[in-house]
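Have a look at target.cif below; it lists mmCIF, C-alpha atoms.
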```
data_final
loop_
_atom_site.group_PDB
_atom_site.id
_atom_site.type_symbol
_atom_site.label_atom_id
_atom_site.label_comp_id
_atom_site.auth_asym_id
_atom_site.auth_seq_id
_atom_site.Cartn_x
_atom_site.Cartn_y
_atom_site.Cartn_z
ATOM 1 C CA MET A 77 6.529 -25.677 11.261
ATOM 2 C CA LYS A 78 4.875 -22.371 10.449
ATOM 3 C CA VAL A 79 1.267 -21.616 11.451
ATOM 4 C CA SER A 80 -0.781 -18.900 9.755
ATOM 5 C CA ILE A 81 -3.785 -17.445 11.556
ATOM 6 C CA VAL A 82 -6.225 -15.796 9.133
ATOM 7 C CA THR A 83 -9.039 -13.465 10.165
ATOM 8 C CA THR A 84 -11.145 -10.669 8.699
ATOM 9 C CA LEU A 85 -11.923 -7.202 10.034
ATOM 10 C CA TYR A 86 -15.283 -5.477 9.778
ATOM 11 C CA ARG A 87 -16.364 -3.247 12.642
ATOM 12 C CA SER A 88 -13.744 -5.091 14.664
ATOM 13 C CA ALA A 89 -11.959 -2.198 16.378
ATOM 14 C CA ALA A 90 -13.139 -3.237 19.841
ATOM 15 C CA TYR A 91 -11.676 -6.739 19.525
ATOM 16 C CA ILE A 92 -8.422 -6.375 17.559
ATOM 17 C CA ASP A 93 -5.934 -5.953 20.403
ATOM 18 C CA GLU A 94 -7.392 -8.713 22.561
ATOM 19 C CA PHE A 95 -7.760 -11.035 19.588
ATOM 20 C CA HIS A 96 -4.110 -10.492 18.653
ATOM 21 C CA ARG A 97 -2.926 -11.188 22.201
ATOM 22 C CA ARG A 98 -5.021 -14.323 22.688
ATOM 23 C CA ALA A 99 -4.434 -15.741 19.196
ATOM 24 C CA MET A 100 -0.655 -15.332 19.408
ATOM 25 C CA GLN A 101 -0.581 -16.828 22.880
ATOM 26 C CA ALA A 102 -2.575 -19.850 21.696
ATOM 27 C CA ALA A 103 -0.338 -20.343 18.650
ATOM 28 C CA SER A 104 2.844 -20.132 20.767
ATOM 29 C CA ALA A 105 1.809 -23.420 22.423
ATOM 30 C CA ILE A 106 2.257 -25.107 19.034
ATOM 31 C CA THR A 107 5.156 -23.320 17.333
ATOM 32 C CA ASP A 108 7.334 -20.217 17.493
ATOM 33 C CA ASP A 109 6.896 -19.509 13.771
ATOM 34 C CA VAL A 110 3.530 -17.726 13.510
ATOM 35 C CA GLU A 111 1.998 -15.154 11.216
ATOM 36 C CA LEU A 112 -1.318 -13.396 11.773
ATOM 37 C CA ILE A 113 -3.073 -12.234 8.602
ATOM 38 C CA MET A 114 -5.771 -9.608 9.103
ATOM 39 C CA VAL A 115 -7.906 -8.783 6.072
ATOM 40 C CA ASN A 116 -9.622 -5.412 6.329
ATOM 41 C CA ASP A 117 -12.894 -5.849 4.451
ATOM 42 C CA GLY A 118 -13.624 -2.160 3.985
ATOM 43 C CA SER A 119 -14.397 -1.673 7.681
ATOM 44 C CA PRO A 120 -16.005 1.751 8.333
ATOM 45 C CA ASP A 121 -14.440 2.107 11.793
ATOM 46 C CA ASP A 122 -10.731 2.433 12.652
ATOM 47 C CA SER A 123 -10.014 -1.299 12.385
ATOM 48 C CA LEU A 124 -7.391 -0.726 9.684
ATOM 49 C CA GLU A 125 -5.506 1.879 11.708
ATOM 50 C CA LEU A 126 -5.436 -0.361 14.783
ATOM 51 C CA ALA A 127 -4.285 -3.353 12.725
ATOM 52 C CA VAL A 128 -1.489 -1.299 11.135
ATOM 53 C CA GLU A 129 -0.359 -0.177 14.607
ATOM 54 C CA LEU A 130 -0.209 -3.838 15.624
ATOM 55 C CA HIS A 131 1.867 -4.552 12.521
ATOM 56 C CA LYS A 132 4.329 -1.835 13.545
ATOM 57 C CA SER A 133 4.783 -3.327 17.003
ATOM 58 C CA ASP A 134 4.630 -6.986 15.923
ATOM 59 C CA PRO A 135 6.136 -7.829 12.489
ATOM 60 C CA ARG A 136 4.365 -11.188 12.547
ATOM 61 C CA VAL A 137 1.133 -9.337 11.789
ATOM 62 C CA VAL A 138 0.278 -8.988 8.089
ATOM 63 C CA VAL A 139 -2.507 -6.560 7.170
ATOM 64 C CA VAL A 140 -4.272 -6.969 3.822
ATOM 65 C CA ASP A 141 -6.356 -3.873 3.073
ATOM 66 C CA LEU A 142 -9.097 -4.497 0.512
ATOM 67 C CA ALA A 143 -10.159 -1.692 -1.801
ATOM 68 C CA ARG A 144 -13.736 -1.812 -0.460
ATOM 69 C CA ASN A 145 -16.160 -4.121 1.301
ATOM 70 C CA PHE A 146 -16.420 -7.341 -0.718
ATOM 71 C CA GLY A 147 -18.123 -9.533 1.867
ATOM 72 C CA HIS A 148 -17.033 -11.889 4.619
ATOM 73 C CA HIS A 149 -16.578 -15.001 2.479
ATOM 74 C CA LYS A 150 -14.509 -13.322 -0.222
ATOM 75 C CA ALA A 151 -12.356 -11.606 2.387
ATOM 76 C CA MET A 152 -11.641 -14.969 4.028
ATOM 77 C CA MET A 153 -10.622 -16.502 0.697
ATOM 78 C CA THR A 154 -8.286 -13.567 0.061
ATOM 79 C CA GLY A 155 -6.670 -14.036 3.458
ATOM 80 C CA LEU A 156 -6.195 -17.745 2.821
ATOM 81 C CA ALA A 157 -4.600 -16.955 -0.534
ATOM 82 C CA HIS A 158 -1.962 -14.843 1.261
ATOM 83 C CA ALA A 159 -1.222 -17.353 4.036
ATOM 84 C CA THR A 160 2.236 -18.956 3.853
ATOM 85 C CA GLY A 161 2.133 -21.402 6.760
ATOM 86 C CA GLU A 162 2.173 -25.186 6.638
ATOM 87 C CA LEU A 163 -0.944 -25.102 8.812
ATOM 88 C CA ILE A 164 -3.599 -22.403 8.465
ATOM 89 C CA PHE A 165 -6.091 -21.559 11.204
ATOM 90 C CA LEU A 166 -9.111 -19.587 10.017
ATOM 91 C CA ILE A 167 -11.153 -17.811 12.688
ATOM 92 C CA ASP A 168 -13.323 -14.705 13.105
ATOM 93 C CA SER A 169 -11.854 -11.799 15.053
ATOM 94 C CA ASP A 170 -14.972 -11.002 17.120
ATOM 95 C CA LEU A 171 -13.909 -13.456 19.872
ATOM 96 C CA GLU A 172 -17.197 -15.356 19.702
ATOM 97 C CA GLU A 173 -15.067 -18.358 18.791
ATOM 98 C CA PRO A 174 -12.221 -18.422 21.349
ATOM 99 C CA PRO A 175 -8.707 -18.344 19.818
ATOM 100 C CA GLU A 176 -7.589 -20.555 22.728
ATOM 101 C CA SER A 177 -9.248 -23.486 20.927
ATOM 102 C CA LEU A 178 -6.333 -23.682 18.460
ATOM 103 C CA PRO A 179 -4.311 -26.219 20.541
ATOM 104 C CA GLN A 180 -7.421 -28.421 20.783
ATOM 105 C CA PHE A 181 -7.818 -28.282 17.011
ATOM 106 C CA TYR A 182 -4.145 -29.169 16.641
ATOM 107 C CA GLU A 183 -4.332 -32.137 19.021
ATOM 108 C CA LEU A 184 -7.288 -33.605 17.112
ATOM 109 C CA PHE A 185 -5.493 -32.857 13.843
ATOM 110 C CA LYS A 186 -2.489 -34.922 14.918
ATOM 111 C CA ARG A 187 -4.586 -37.712 16.426
ATOM 112 C CA GLU A 188 -6.860 -38.158 13.414
ATOM 113 C CA ALA A 189 -4.110 -37.539 10.812
ATOM 114 C CA CYS A 190 -6.625 -35.554 8.766
ATOM 115 C CA ASP A 191 -6.385 -32.508 6.504
ATOM 116 C CA VAL A 192 -9.039 -30.316 8.137
ATOM 117 C CA VAL A 193 -10.447 -29.938 11.632
ATOM 118 C CA TYR A 194 -13.549 -27.748 11.533
ATOM 119 C CA GLY A 195 -15.628 -26.360 14.383
ATOM 120 C CA VAL A 196 -19.292 -27.121 14.987
ATOM 121 C CA GLN A 197 -21.433 -25.264 17.537
ATOM 122 C CA GLU A 198 -22.545 -27.202 20.589
ATOM 123 C CA ASN A 199 -25.794 -25.238 20.674
ATOM 124 C CA ARG A 200 -26.997 -22.750 18.113
ATOM 125 C CA ARG A 201 -27.047 -19.255 19.610
ATOM 126 C CA GLY A 202 -29.991 -16.864 19.590
ATOM 127 C CA GLY A 203 -33.618 -16.898 20.662
ATOM 128 C CA PHE A 204 -36.504 -19.006 19.469
ATOM 129 C CA PHE A 205 -36.934 -17.106 16.197
ATOM 130 C CA GLU A 206 -33.261 -17.368 15.225
ATOM 131 C CA ARG A 207 -33.126 -21.056 16.119
ATOM 132 C CA ALA A 208 -36.372 -21.814 14.270
ATOM 133 C CA THR A 209 -35.294 -19.954 11.131
ATOM 134 C CA GLY A 210 -31.938 -21.738 11.315
ATOM 135 C CA VAL A 211 -33.703 -25.110 11.294
ATOM 136 C CA LEU A 212 -35.854 -24.023 8.348
ATOM 137 C CA PHE A 213 -32.780 -22.703 6.543
ATOM 138 C CA PHE A 214 -30.907 -26.009 6.749
ATOM 139 C CA ALA A 215 -34.047 -27.996 5.890
ATOM 140 C CA ALA A 216 -34.558 -25.883 2.772
ATOM 141 C CA LEU A 217 -30.904 -26.254 1.758
ATOM 142 C CA ASP A 218 -31.081 -30.033 2.139
ATOM 143 C CA PHE A 219 -34.310 -30.160 0.128
ATOM 144 C CA LEU A 220 -33.138 -27.865 -2.677
ATOM 145 C CA GLY A 221 -29.391 -28.501 -2.620
ATOM 146 C CA ASP A 222 -27.363 -31.039 -4.552
ATOM 147 C CA ARG A 223 -25.521 -32.201 -1.410
ATOM 148 C CA PRO A 224 -26.213 -32.129 2.332
ATOM 149 C CA VAL A 225 -24.989 -29.163 4.362
ATOM 150 C CA PRO A 226 -23.193 -29.756 7.704
ATOM 151 C CA ARG A 227 -25.206 -28.325 10.598
ATOM 152 C CA ASN A 228 -24.052 -25.327 12.675
ATOM 153 C CA VAL A 229 -20.582 -25.059 11.158
ATOM 154 C CA VAL A 230 -18.549 -22.119 12.456
ATOM 155 C CA THR A 231 -15.671 -20.263 10.832
ATOM 156 C CA SER A 232 -12.928 -21.815 12.973
ATOM 157 C CA ARG A 233 -10.981 -24.491 11.120
ATOM 158 C CA LEU A 234 -7.403 -25.760 11.035
ATOM 159 C CA MET A 235 -6.238 -26.727 7.551
ATOM 160 C CA THR A 236 -3.158 -28.105 5.845
ATOM 161 C CA ARG A 237 -1.308 -26.245 3.120
ATOM 162 C CA ASP A 238 -2.432 -28.788 0.488
ATOM 163 C CA TYR A 239 -6.097 -28.317 1.414
ATOM 164 C CA VAL A 240 -5.874 -24.518 1.360
ATOM 165 C CA SER A 241 -4.090 -24.574 -1.991
ATOM 166 C CA ALA A 242 -6.912 -26.685 -3.401
ATOM 167 C CA LEU A 243 -9.537 -24.432 -1.783
ATOM 168 C CA VAL A 244 -8.221 -21.157 -3.202
ATOM 169 C CA SER A 245 -7.786 -22.730 -6.650
ATOM 170 C CA HIS A 246 -11.554 -22.515 -7.187
ATOM 171 C CA GLN A 247 -12.358 -19.844 -9.755
ATOM 172 C CA ASP A 248 -15.917 -19.069 -8.585
ATOM 173 C CA ARG A 249 -16.848 -15.385 -8.414
ATOM 174 C CA GLU A 250 -20.162 -15.938 -6.651
ATOM 175 C CA PHE A 251 -19.820 -18.555 -3.945
ATOM 176 C CA ILE A 252 -20.695 -19.615 -0.424
ATOM 177 C CA ILE A 253 -17.475 -20.548 1.331
ATOM 178 C CA SER A 254 -19.071 -23.321 3.404
ATOM 179 C CA ASP A 255 -20.016 -25.055 0.150
ATOM 180 C CA LEU A 256 -16.461 -24.717 -1.177
ATOM 181 C CA TRP A 257 -15.157 -26.185 2.090
ATOM 182 C CA GLN A 258 -17.245 -29.250 1.412
ATOM 183 C CA VAL A 259 -16.651 -29.437 -2.347
ATOM 184 C CA THR A 260 -12.868 -29.312 -1.874
ATOM 185 C CA GLY A 261 -13.012 -32.635 -0.061
ATOM 186 C CA PHE A 262 -9.918 -34.126 1.652
ATOM 187 C CA ARG A 263 -10.163 -35.767 5.079
ATOM 188 C CA GLN A 264 -12.204 -33.551 7.394
ATOM 189 C CA THR A 265 -13.015 -34.047 11.083
ATOM 190 C CA ALA A 266 -15.436 -32.068 13.241
ATOM 191 C CA ILE A 267 -14.765 -30.716 16.719
ATOM 192 C CA SER A 268 -17.313 -29.235 19.114
ATOM 193 C CA VAL A 269 -16.891 -25.501 19.728
ATOM 194 C CA LYS A 270 -18.760 -23.313 22.196
ATOM 195 C CA LYS A 271 -19.638 -20.111 20.371
ATOM 196 C CA LEU A 272 -20.234 -17.084 22.566
ATOM 197 C CA SER A 273 -22.586 -14.177 21.886
ATOM 198 C CA LEU A 274 -20.363 -11.200 22.539
ATOM 199 C CA SER A 275 -21.161 -8.965 19.583
ATOM 200 C CA PRO A 276 -24.276 -8.094 17.586
ATOM 201 C CA SER A 277 -24.523 -9.940 14.310
ATOM 202 C CA THR A 278 -23.729 -7.921 11.173
ATOM 203 C CA TYR A 279 -26.159 -10.149 9.235
ATOM 204 C CA SER A 280 -29.645 -8.618 9.125
ATOM 205 C CA LEU A 281 -32.751 -10.651 8.234
ATOM 206 C CA ARG A 282 -32.433 -9.383 4.681
ATOM 207 C CA ASN A 283 -28.787 -10.474 4.572
ATOM 208 C CA ARG A 284 -29.764 -13.937 5.804
ATOM 209 C CA ILE A 285 -32.464 -14.298 3.143
ATOM 210 C CA GLU A 286 -30.054 -13.160 0.432
ATOM 211 C CA LEU A 287 -27.438 -15.587 1.760
ATOM 212 C CA ALA A 288 -29.933 -18.452 1.578
ATOM 213 C CA LEU A 289 -30.917 -17.533 -1.980
ATOM 214 C CA LYS A 290 -27.274 -17.248 -3.029
ATOM 215 C CA HIS A 291 -26.465 -20.589 -1.397
ATOM 216 C CA VAL A 292 -29.197 -22.355 -3.383
ATOM 217 C CA THR A 293 -28.656 -20.602 -6.705
ATOM 218 C CA THR A 294 -24.854 -20.950 -6.680
ATOM 219 C CA THR A 295 -24.629 -24.529 -5.436
ATOM 220 C CA SER A 296 -27.786 -26.320 -6.582
ATOM 221 C CA THR A 297 -29.234 -27.490 -9.889
ATOM 222 C CA ARG A 298 -32.096 -29.311 -8.170
ATOM 223 C CA LEU A 299 -34.177 -26.120 -7.997
ATOM 224 C CA LEU A 300 -34.113 -25.893 -11.792
ATOM 225 C CA TYR A 301 -35.427 -29.446 -12.012
ATOM 226 C CA PHE A 302 -38.242 -28.525 -9.616
ATOM 227 C CA VAL A 303 -39.156 -25.660 -11.952
ATOM 228 C CA LEU A 304 -39.191 -28.089 -14.877
ATOM 229 C CA TYR A 305 -41.312 -30.645 -13.020
ATOM 230 C CA THR A 306 -43.757 -27.943 -11.908
ATOM 231 C CA GLY A 307 -44.171 -26.828 -15.502
ATOM 232 C CA ILE A 308 -44.756 -30.403 -16.645
ATOM 233 C CA LEU A 309 -47.320 -30.958 -13.872
ATOM 234 C CA ILE A 310 -49.283 -27.804 -14.702
ATOM 235 C CA PHE A 311 -49.138 -28.577 -18.423
ATOM 236 C CA GLY A 312 -50.470 -32.083 -17.788
ATOM 237 C CA LEU A 313 -53.276 -30.863 -15.520
ATOM 238 C CA SER A 314 -54.282 -28.202 -18.031
ATOM 239 C CA ASP A 315 -54.465 -30.817 -20.788
ATOM 240 C CA VAL A 316 -56.722 -32.991 -18.639
ATOM 241 C CA LEU A 317 -59.025 -30.069 -17.807
ATOM 242 C CA ILE A 318 -59.212 -28.932 -21.433
ATOM 243 C CA LEU A 319 -60.083 -32.441 -22.526
ATOM 244 C CA PHE A 320 -62.711 -32.748 -19.757
ATOM 245 C CA TYR A 321 -64.489 -29.517 -20.691
ATOM 246 C CA LEU A 322 -64.383 -30.275 -24.417
ATOM 247 C CA VAL A 323 -65.869 -33.725 -23.872
ATOM 248 C CA ARG A 324 -68.561 -32.299 -21.588
ATOM 249 C CA TYR A 325 -69.420 -29.569 -24.099
ATOM 250 C CA PHE A 326 -69.765 -31.886 -27.086
ATOM 251 C CA ALA A 327 -71.493 -34.613 -25.082
ATOM 252 C CA SER A 328 -74.053 -32.522 -23.198
ATOM 253 C CA GLY A 329 -73.810 -29.045 -24.629
ATOM 254 C CA ILE A 330 -72.782 -27.540 -21.273
ATOM 255 C CA GLY A 331 -70.477 -24.566 -21.793
ATOM 256 C CA VAL A 332 -67.711 -23.367 -19.565
ATOM 257 C CA ASP A 333 -68.481 -20.264 -17.520
ATOM 258 C CA GLY A 334 -67.318 -18.816 -14.252
ATOM 259 C CA PHE A 335 -65.532 -15.472 -13.919
ATOM 260 C CA THR A 336 -64.061 -16.378 -10.507
ATOM 261 C CA SER A 337 -62.369 -19.568 -11.658
ATOM 262 C CA LEU A 338 -60.949 -17.745 -14.670
ATOM 263 C CA ILE A 339 -59.463 -14.925 -12.586
ATOM 264 C CA ILE A 340 -58.032 -17.374 -10.036
ATOM 265 C CA SER A 341 -56.384 -19.367 -12.824
ATOM 266 C CA ILE A 342 -54.901 -16.235 -14.382
ATOM 267 C CA TRP A 343 -53.513 -14.961 -11.075
ATOM 268 C CA PHE A 344 -52.141 -18.372 -10.158
ATOM 269 C CA LEU A 345 -50.404 -18.950 -13.464
ATOM 270 C CA GLY A 346 -49.218 -15.331 -13.631
ATOM 271 C CA GLY A 347 -47.667 -15.565 -10.167
ATOM 272 C CA LEU A 348 -46.124 -18.941 -10.943
ATOM 273 C CA ILE A 349 -44.614 -17.681 -14.190
ATOM 274 C CA THR A 350 -43.202 -14.624 -12.413
ATOM 275 C CA LEU A 351 -41.688 -16.851 -9.712
ATOM 276 C CA ILE A 352 -40.103 -19.115 -12.303
ATOM 277 C CA LEU A 353 -38.710 -16.154 -14.238
ATOM 278 C CA GLY A 354 -37.302 -14.750 -10.983
ATOM 279 C CA ILE A 355 -35.522 -18.029 -10.195
ATOM 280 C CA LEU A 356 -34.112 -18.209 -13.708
ATOM 281 C CA GLY A 357 -33.093 -14.549 -13.463
ATOM 282 C CA ILE A 358 -30.995 -15.221 -10.350
ATOM 283 C CA TYR A 359 -29.233 -18.101 -12.093
ATOM 284 C CA ILE A 360 -28.606 -15.922 -15.149
ATOM 285 C CA ALA A 361 -27.212 -13.149 -12.921
ATOM 286 C CA ASN A 362 -24.784 -15.658 -11.369
ATOM 287 C CA ILE A 363 -23.772 -16.847 -14.839
ATOM 288 C CA MET A 364 -23.131 -13.239 -15.883
ATOM 289 C CA ALA A 365 -20.950 -12.657 -12.807
ATOM 290 C CA GLU A 366 -18.923 -15.790 -13.572
ATOM 291 C CA THR A 367 -18.409 -14.967 -17.260
ATOM 292 C CA LYS A 368 -17.082 -11.481 -16.465
ATOM 293 C CA ARG A 369 -14.107 -13.151 -14.706
ATOM 294 C CA ARG A 370 -13.536 -10.191 -12.446
ATOM 295 C CA PRO A 371 -11.323 -10.788 -9.381
ATOM 296 C CA TYR A 372 -13.558 -11.417 -6.393
ATOM 297 C CA THR A 373 -11.539 -8.953 -4.324
ATOM 298 C CA LEU A 374 -9.162 -6.075 -5.039
ATOM 299 C CA VAL A 375 -6.284 -5.504 -2.644
ATOM 300 C CA ARG A 376 -5.407 -1.861 -2.111
ATOM 301 C CA ARG A 377 -2.345 -2.364 0.076
ATOM 302 C CA ILE A 378 -0.511 -4.980 2.107
ATOM 303 C CA TYR A 379 1.376 -4.147 5.293
ATOM 304 C CA LYS A 380 4.009 -6.837 5.732
ATOM 305 C CA ILE A 381 7.162 -6.821 7.852
ATOM 306 C CA ASP A 382 8.743 -3.375 7.198
ATOM 307 C CA THR A 383 7.308 -2.763 3.756
ATOM 308 C CA VAL A 384 4.189 -1.403 2.195
ATOM 309 C CA ILE A 385 3.255 -3.355 -0.912
ATOM 310 C CA ASP A 386 0.793 -2.118 -3.517
ATOM 311 C CA ARG A 387 -0.982 -4.949 -5.275
ATOM 312 C CA LYS A 388 -2.467 -5.549 -8.702
ATOM 313 C CA PRO A 389 -5.397 -7.966 -8.821
ATOM 314 C CA SER A 390 -4.954 -11.370 -10.429
ATOM 315 C CA ARG A 391 -7.529 -13.848 -11.694
ATOM 316 C CA ASP A 392 -7.809 -15.831 -8.480
ATOM 317 C CA GLY A 393 -8.710 -12.867 -6.322
ATOM 318 C CA SER A 394 -5.211 -12.578 -4.891
ATOM 319 C CA SER A 395 -2.684 -10.263 -6.518
ATOM 320 C CA ASP A 396 0.702 -9.886 -8.133
ATOM 321 C CA ALA A 397 3.083 -7.990 -5.883
ATOM 322 C CA GLN A 398 4.798 -4.812 -6.958
ATOM 323 C CA LEU A 399 7.133 -3.383 -4.333
ATOM 324 C CA ALA A 400 6.181 0.264 -4.038
ATOM 325 C CA SER A 401 8.610 1.274 -1.342
ATOM 326 C CA THR A 402 10.652 -0.154 1.499
ATOM 327 C CA ILE A 403 9.635 2.294 4.179
ATOM 328 C CA THR A 404 8.797 1.527 7.767
ATOM 329 C CA THR A 405 5.030 1.223 8.104
#
```
So, in terms of structure tokens, how does the structure I just supplied come out?
Amino acid sequence: MKVSIVTTLYRSAAYIDEFHRRAMQAASAITDDVELIMVNDGSPDDSLELAVELHKSDPRVVVVDLARNFGHHKAMMTGLAHATGELIFLIDSDLEEPPESLPQFYELFKREACDVVYGVQENRRGGFFERATGVLFFAALDFLGDRPVPRNVVTSRLMTRDYVSALVSHQDREFIISDLWQVTGFRQTAISVKKLSLSPSTYSLRNRIELALKHVTTTSTRLLYFVLYTGILIFGLSDVLILFYLVRYFASGIGVDGFTSLIISIWFLGGLITLILGILGIYIANIMAETKRRPYTLVRRIYKIDTVIDRKPSRDGSSDAQLASTITT
């Protein structure tokens, strides 16, 4: 049985060597046939150079160098598309999720006879603000989303080849990988994972807000129905008010005046219309990205065994191999 460990690299230079040592040691408790796929997501530090050095000393290491930074989720999908093992273990390289948990994932995988074992945090990390915003984030997703979102899911997950093949078959260009994990289905079982806080998060507040907006606008149609219902409600209320003032005018001759109420109405409706147009604009932008059918990542080079392989992008974000040379990397 072959096990593939898939991880991504972004500002990961400080963790690469230790991650490699601990991940390989954990996998050796399961099988001797292991490959470690490291996807360099345009990291600005020397993560690529360190990963290539590991590849030179350990041929089990496969380095996929992306042409630029495409984002964490797309880099993970690219790594999964290049995995060849019967079991695939996806995990971040920052050591916040311990690689030593792999045997525990495997034991639960065998016991439950499932297709996926995914990690869930015991306690959400961070201070009061981060915890509070996390609660609000999941509450908003449940309210606006088409399906419930599992709480505090981490990257770590052990998956079968059939599940991964189904996962990477999705053709979405704009996606949230946690939603695709759920949409893909199969038999999934949760396991509690203690996530450490060893490194600063690369997600700023702005990144988190954008992630929340992308999650809603790429996975939910309920928000569009809320826009429709809001428009119907305002239209109905305006009809009632118009009828009320017309009846009062013709019945008693009292006209409608009031500069303040007029300005408030204009600002309210103007802001509401702008909000609605903004929501529709995000959906239209996602539609435009999907219709372009661009690959969601471009692979510049793959370092595998004793070859350097240049890649041409294919539709699914992976690539068609063209052997450039058979030189020692």
Checklist entry - So which residues are close to (-2.8, -21.3, 10.0), meaning at most 6 Å away in the file's coordinates with all atoms listed in the file counted, and can you show them as a VMD selection string? => result chain A and resid 79 to 81 161 163 to 165
Item to check | Explicit residues for the PyMOL selection byres ((chain A and resi 170-178) around 6) (as a count of residues only) | outcome: 12
Item to check | Computed interatomic separation between atom CA of A:Gln264 and atom CA of A:Val137 (Å) | outcome: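 It comes out at 28.0 Å.
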Checklist entry - Quick one: which residues end up in the PyMOL selection byres ((chain A and resi 151) around 8) for this structure, as a list of chain:residue names? => result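 This file gives the following for the PyMOL selection byres ((chain A and resi 151) around 8): A:Thr84, A:Val115, A:Asn116, A:Asp117, A:Phe146, A:Gly147, A:His148, A:His149, A:Lys150, A:Met152, A:Met153, A:Thr154, A:Gly155, A:Thr373.
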With all atoms listed in the file as the counted atoms, please give the residues lying no more than 10 Å from stretch 215-225 of chain A, apart from itself and same-chain residues fewer than 3 positions off, as a compact mmCIF listing (two decimals) with C-alpha atoms, keeping the file's coordinate frame.
```txt
# COMPACT_ATOMS: atom_id res chain seq x y z
CA THR A 209 -35.29 -19.95 11.13
CA GLY A 210 -31.94 -21.74 11.32
CA VAL A 211 -33.70 -25.11 11.29
CA LEU A 212 -35.85 -24.02 8.35
CA ASN A 228 -24.05 -25.33 12.68
CA VAL A 229 -20.58 -25.06 11.16
CA SER A 254 -19.07 -23.32 3.40
CA ASP A 255 -20.02 -25.06 0.15
CA GLN A 258 -17.24 -29.25 1.41
CA VAL A 259 -16.65 -29.44 -2.35
CA ALA A 288 -29.93 -18.45 1.58
CA LEU A 289 -30.92 -17.53 -1.98
CA HIS A 291 -26.46 -20.59 -1.40
CA VAL A 292 -29.20 -22.36 -3.38
CA THR A 293 -28.66 -20.60 -6.70
CA THR A 294 -24.85 -20.95 -6.68
CA THR A 295 -24.63 -24.53 -5.44
CA SER A 296 -27.79 -26.32 -6.58
CA THR A 297 -29.23 -27.49 -9.89
CA ARG A 298 -32.10 -29.31 -8.17
CA LEU A 299 -34.18 -26.12 -8.00
CA LEU A 300 -34.11 -25.89 -11.79
CA TYR A 301 -35.43 -29.45 -12.01
CA PHE A 302 -38.24 -28.52 -9.62
```
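The gap separating atom CA of A:Ile355 from atom CA of A:Ser341 is 21.1 Å, in Å to one decimal.
Atom to atom, atom CA of A:Glu111 and atom CA of A:Val128 stand 14.3 Å apart.
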Item to check | Long-range neighbours of A:Glu183 as a list in words, 10 Å cut-off, only C-alpha atoms, 5 positions minimum in chain | outcome: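 What passes the distance filter is Ile106, Leu178, Glu188, Ala189 and Val193 of chain A.
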Checklist entry - For A:Asp191, which of A:Val323, A:Leu351, A:Val240, A:Leu112 is the closest residue, counting only C-alpha atoms? => result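 For A:Asp191, the nearest of the given residues is A:Val240.
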Item to check | Test item: residues at most 6 Å from A:Arg376, only C-alpha atoms, excluding those fewer than 6 positions along its chain, as a PyMOL selection string | outcome: chain A and resi 141-143
Restricting the output to C-alpha atoms, write the selected residues as a PDB file, keeping the file's coordinate frame.
```pdb
ATOM      1  CA  ASP A 141      -6.356  -3.873   3.073  1.00  0.00           C
ATOM      2  CA  LEU A 142      -9.097  -4.497   0.512  1.00  0.00           C
ATOM      3  CA  ALA A 143     -10.159  -1.692  -1.801  1.00  0.00           C
TER       4      ALA A 143
END
```
Next on the checklist: Give me the residues near A:Leu124 as an MDAnalysis selection string, where near means some atom within 10 Å (using all atoms listed in the file) and where sequence neighbours in that chain fewer than 3 positions away do not count.
Outcome noted: chainID A and resid 85:89 92 114:121 127:130 139:141
Checklist entry - For A:Thr231, which residue out of A:Ile285, A:Val269, A:Leu356, A:Leu166 is the nearest one, using only C-alpha atoms? => result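 Nearest to A:Thr231: A:Leu166.
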Starting from 3 Å padding per side, set up an axis-aligned box that covers all listed atoms of stretch 316-330 of chain A and hand over centre and edge lengths in Å, one decimal, as JSON.
```
{"center_x": -65.4, "center_y": -31.1, "center_z": -22.4, "size_x": 23.3, "size_y": 13.1, "size_z": 15.3}
```
Item to check | From A:His158, A:Arg144, A:Arg377, A:Arg187, residue lying nearest A:Arg237 [only C-alpha atoms] | outcome: A:His158
